[in-house]
Amino acid sequence: METLAMHISNGIIDGPVAAIFAALALAALTACVLRGRRDLDDRLAPMAGLVAAFIFAVQMLNFPIFTAGVSGHLLGGALAAMLVGPWVGALCVSVVLVVQALIFGDGGVAMLGLNITNMALIGTAAAYVLIAVLLRVLPRTRAGLAVTAFVAATLSVVVASQGFVLEYWLGGTTDLGNNLTGLAGTMAGVHLLIGIGEGLITATTVLTVAKVRPDLVYALRSLRAPATPAVPVAGGVR
Amino acid sequence: MKNRSWAFLAGGLLVALLLAGVVSNYASSHPDGLDSSLLKGCTVDADDNIVGGSCPAQQARDHEFADSPLADYGVRGVQNSFVSTGLSGVLGVLVTFAIGAGGFWLLRRRGTTPTGGDATTSAEGATPAADDAATSRAGTAG
């Protein structure tokens, strides 16, 4: 088995289903471009490039999880949603997945639509819904921000893993019989553990950015700004 | 952009380069959550190669670009695996940043500030107004 293959490989999902998801992903990404343009100004554009580069770097860092012989790595949807918002965030993760598929031979090119759907679209969307709810409910403190990032990241990974289960149900190349629930359970369990790692990385990164440049955290700008213009969370420079 | 933004960008890139260029060599080489789930039903040896049983992972076929010079996060021709992994990580971060930042820069919304003169500095000067606009939009959208 090749080292560091991290995404859906060719042959795992059949061609027609992969093609359908490629079309779906393309349509969704077009919507992200159209809506994301409204968020993208002179300040956010380079920041979004940095978020993509950072996600690429951290995705290389497979960490061990408690299950022996299994590793996990950041997906990045929650981190991107926090820092640059859901629309541009989904585009950031997609850029990473495209670079990995076209240059690093990771994740089949024919499977790109599936990988984008799970990690860039489902992961980011699930994370942003959770972020929007949690930031409004939790106290406006650093702890509140940390819990938001951790919980949104952890759960978004589990939800994204079920995207794969759905795709496998539609077009998996091995007949699992009626054992699809087994795959769902395995994927959910292992990704809950990976999600804890994702949560820790996301919370650490978001807290760091919020401390140095709170104005660069999209979620704080757009979800907390009305009542607290200067972002009390941080005690940062501003 | 102001100096402060450039400094943040440079600092962030440096962290990413260090993670991908150095720390990546200490990453776990075990199959990730997806791969391990697809290996269920098969037995694997110490190198995670399939030696028996039947599982979804056996259907995996070669990647279209399996012989890309940077395939599998290594630089072809570089013997030292530490250097090979690190260099591929550094190149990946730079390429991803170039495509990401370049693409987003081309997509960015323009004309929020009076044009003429240096658009980047005037945009930074107009930050509070831009933030207010973003806030009200998010309010209506959410």
# chains A, B, ... in the order shown; residues from 1 in each chain; ligands from 1

$ residues_around --residues "Val22 in chain B" --least-positions-apart "6" --cutoff "12 Å" --atoms "only C-alpha atoms" --output "PyMOL selection string"
(chain A and resi 57-58+60-61) or (chain B and resi 14-16+81-90)

$ write_last_selection --atoms "N, CA and C atoms" --output "tab-separated table (two decimals), in the first residue's frame"
chain	number	residue	atom	x	y	z
A	57	ALA	N	-0.59	21.65	4.50
A	57	ALA	CA	0.52	21.25	5.37
A	57	ALA	C	0.04	20.32	6.47
A	58	VAL	N	-1.05	20.70	7.14
A	58	VAL	CA	-1.49	19.92	8.29
A	58	VAL	C	-2.11	18.59	7.86
A	60	MET	N	-0.84	16.67	5.85
A	60	MET	CA	0.28	15.72	5.74
A	60	MET	C	0.62	15.08	7.08
A	61	LEU	N	0.12	15.69	8.17
A	61	LEU	CA	0.54	15.25	9.50
A	61	LEU	C	-0.43	14.21	10.05
B	14	LEU	N	5.34	30.57	7.03
B	14	LEU	CA	6.52	29.95	7.62
B	14	LEU	C	6.12	28.74	8.46
B	15	VAL	N	5.06	28.90	9.26
B	15	VAL	CA	4.57	27.77	10.06
B	15	VAL	C	4.17	26.61	9.16
B	16	ALA	N	3.43	26.92	8.09
B	16	ALA	CA	2.98	25.86	7.17
B	16	ALA	C	4.18	25.16	6.53
B	81	SER	N	14.78	9.88	2.29
B	81	SER	CA	13.34	9.98	2.41
B	81	SER	C	12.92	11.20	3.23
B	82	PHE	N	13.74	11.61	4.17
B	82	PHE	CA	13.44	12.80	4.97
B	82	PHE	C	13.39	14.03	4.06
B	83	VAL	N	14.42	14.16	3.22
B	83	VAL	CA	14.49	15.30	2.29
B	83	VAL	C	13.37	15.21	1.26
B	84	SER	N	13.12	13.99	0.78
B	84	SER	CA	12.11	13.79	-0.25
B	84	SER	C	10.72	14.20	0.25
B	85	THR	N	10.35	13.70	1.44
B	85	THR	CA	9.05	14.06	2.00
B	85	THR	C	8.98	15.55	2.30
B	86	GLY	N	10.03	16.06	2.93
B	86	GLY	CA	10.03	17.47	3.32
B	86	GLY	C	9.94	18.40	2.12
B	87	LEU	N	10.72	18.08	1.10
B	87	LEU	CA	10.74	18.92	-0.10
B	87	LEU	C	9.38	18.89	-0.79
B	88	SER	N	8.77	17.69	-0.86
B	88	SER	CA	7.46	17.62	-1.50
B	88	SER	C	6.44	18.44	-0.70
B	89	GLY	N	6.58	18.42	0.63
B	89	GLY	CA	5.67	19.21	1.46
B	89	GLY	C	5.84	20.70	1.22
B	90	VAL	N	7.09	21.14	1.14
B	90	VAL	CA	7.36	22.56	0.90
B	90	VAL	C	6.80	22.98	-0.45

$ closest_atom_pairs --of "chain B" --to "chain A" --cutoff "7 Å" --atoms "only C-alpha atoms" --output "Markdown table"
| residue | atom | partner | partner_atom | distance |
| --- | --- | --- | --- | --- |
| B:Met1 | CA | A:Arg43 | CA | 6.9 |
| B:Leu9 | CA | A:Leu50 | CA | 6.9 |
| B:Gly12 | CA | A:Leu50 | CA | 6.9 |
| B:Leu13 | CA | A:Leu50 | CA | 6.6 |
| B:Ala16 | CA | A:Phe54 | CA | 5.1 |
| B:Leu19 | CA | A:Ala57 | CA | 5.9 |
| B:Ala20 | CA | A:Ala57 | CA | 4.6 |
| B:Ser24 | CA | A:Leu61 | CA | 5.3 |
| B:Ala27 | CA | A:Asn62 | CA | 4.8 |
| B:Ser28 | CA | A:Asn62 | CA | 5.0 |
| B:Ser29 | CA | A:Leu4 | CA | 6.4 |
| B:His30 | CA | A:Val70 | CA | 5.4 |
| B:Pro31 | CA | A:Val70 | CA | 5.5 |
| B:Asp32 | CA | A:Ser71 | CA | 4.4 |
| B:Gly33 | CA | A:Gly72 | CA | 5.8 |
| B:Leu34 | CA | A:Met187 | CA | 6.9 |
| B:Ser36 | CA | A:Val70 | CA | 6.4 |
| B:Ser37 | CA | A:Met187 | CA | 6.1 |
| B:Asp48 | CA | A:Met1 | CA | 6.5 |
| B:Asn49 | CA | A:Met1 | CA | 5.4 |
| B:Pro56 | CA | A:Thr174 | CA | 5.3 |
| B:Ala57 | CA | A:Ile12 | CA | 6.9 |
| B:Gln59 | CA | A:Gly11 | CA | 5.5 |
| B:Ala60 | CA | A:Gly11 | CA | 4.6 |
| B:Arg61 | CA | A:Gly11 | CA | 5.2 |
| B:Asp62 | CA | A:Asn10 | CA | 6.6 |
| B:His63 | CA | A:Gly108 | CA | 5.5 |
| B:Glu64 | CA | A:Val109 | CA | 6.7 |
| B:Phe65 | CA | A:Gly105 | CA | 5.3 |
| B:Ala66 | CA | A:Gly105 | CA | 5.4 |
| B:Ser68 | CA | A:Ile103 | CA | 6.5 |
| B:Leu70 | CA | A:Phe104 | CA | 5.2 |
| B:Ala71 | CA | A:Phe104 | CA | 4.2 |
| B:Asp72 | CA | A:Phe104 | CA | 5.6 |
| B:Tyr73 | CA | A:Phe104 | CA | 5.8 |
| B:Gly89 | CA | A:Ala57 | CA | 6.8 |
| B:Val93 | CA | A:Ala53 | CA | 4.9 |
| B:Thr96 | CA | A:Ala53 | CA | 5.2 |
| B:Phe97 | CA | A:Ala53 | CA | 4.9 |
| B:Gly100 | CA | A:Gly49 | CA | 4.2 |
| B:Ala101 | CA | A:Gly49 | CA | 3.8 |
| B:Phe104 | CA | A:Ala45 | CA | 5.0 |
| B:Trp105 | CA | A:Ala45 | CA | 5.2 |
| B:Leu107 | CA | A:Arg37 | CA | 6.1 |
| B:Arg108 | CA | A:Leu40 | CA | 4.7 |
| B:Arg109 | CA | A:Asp41 | CA | 5.5 |
| B:Thr120 | CA | A:Asp42 | CA | 6.4 |
| B:Ala123 | CA | A:Asp42 | CA | 6.8 |
| B:Ala134 | CA | A:Ser222 | CA | 6.7 |
| B:Thr135 | CA | A:Ser222 | CA | 5.1 |
| B:Ala138 | CA | A:Ser222 | CA | 5.8 |

$ select_by_dssp --residues "range 40-99 of chain B" --states "strand (DSSP E)" --output "list in words"
Cys42, Thr43, Val44, Ile50, Val51, Gly52 and Gly53 of chain B
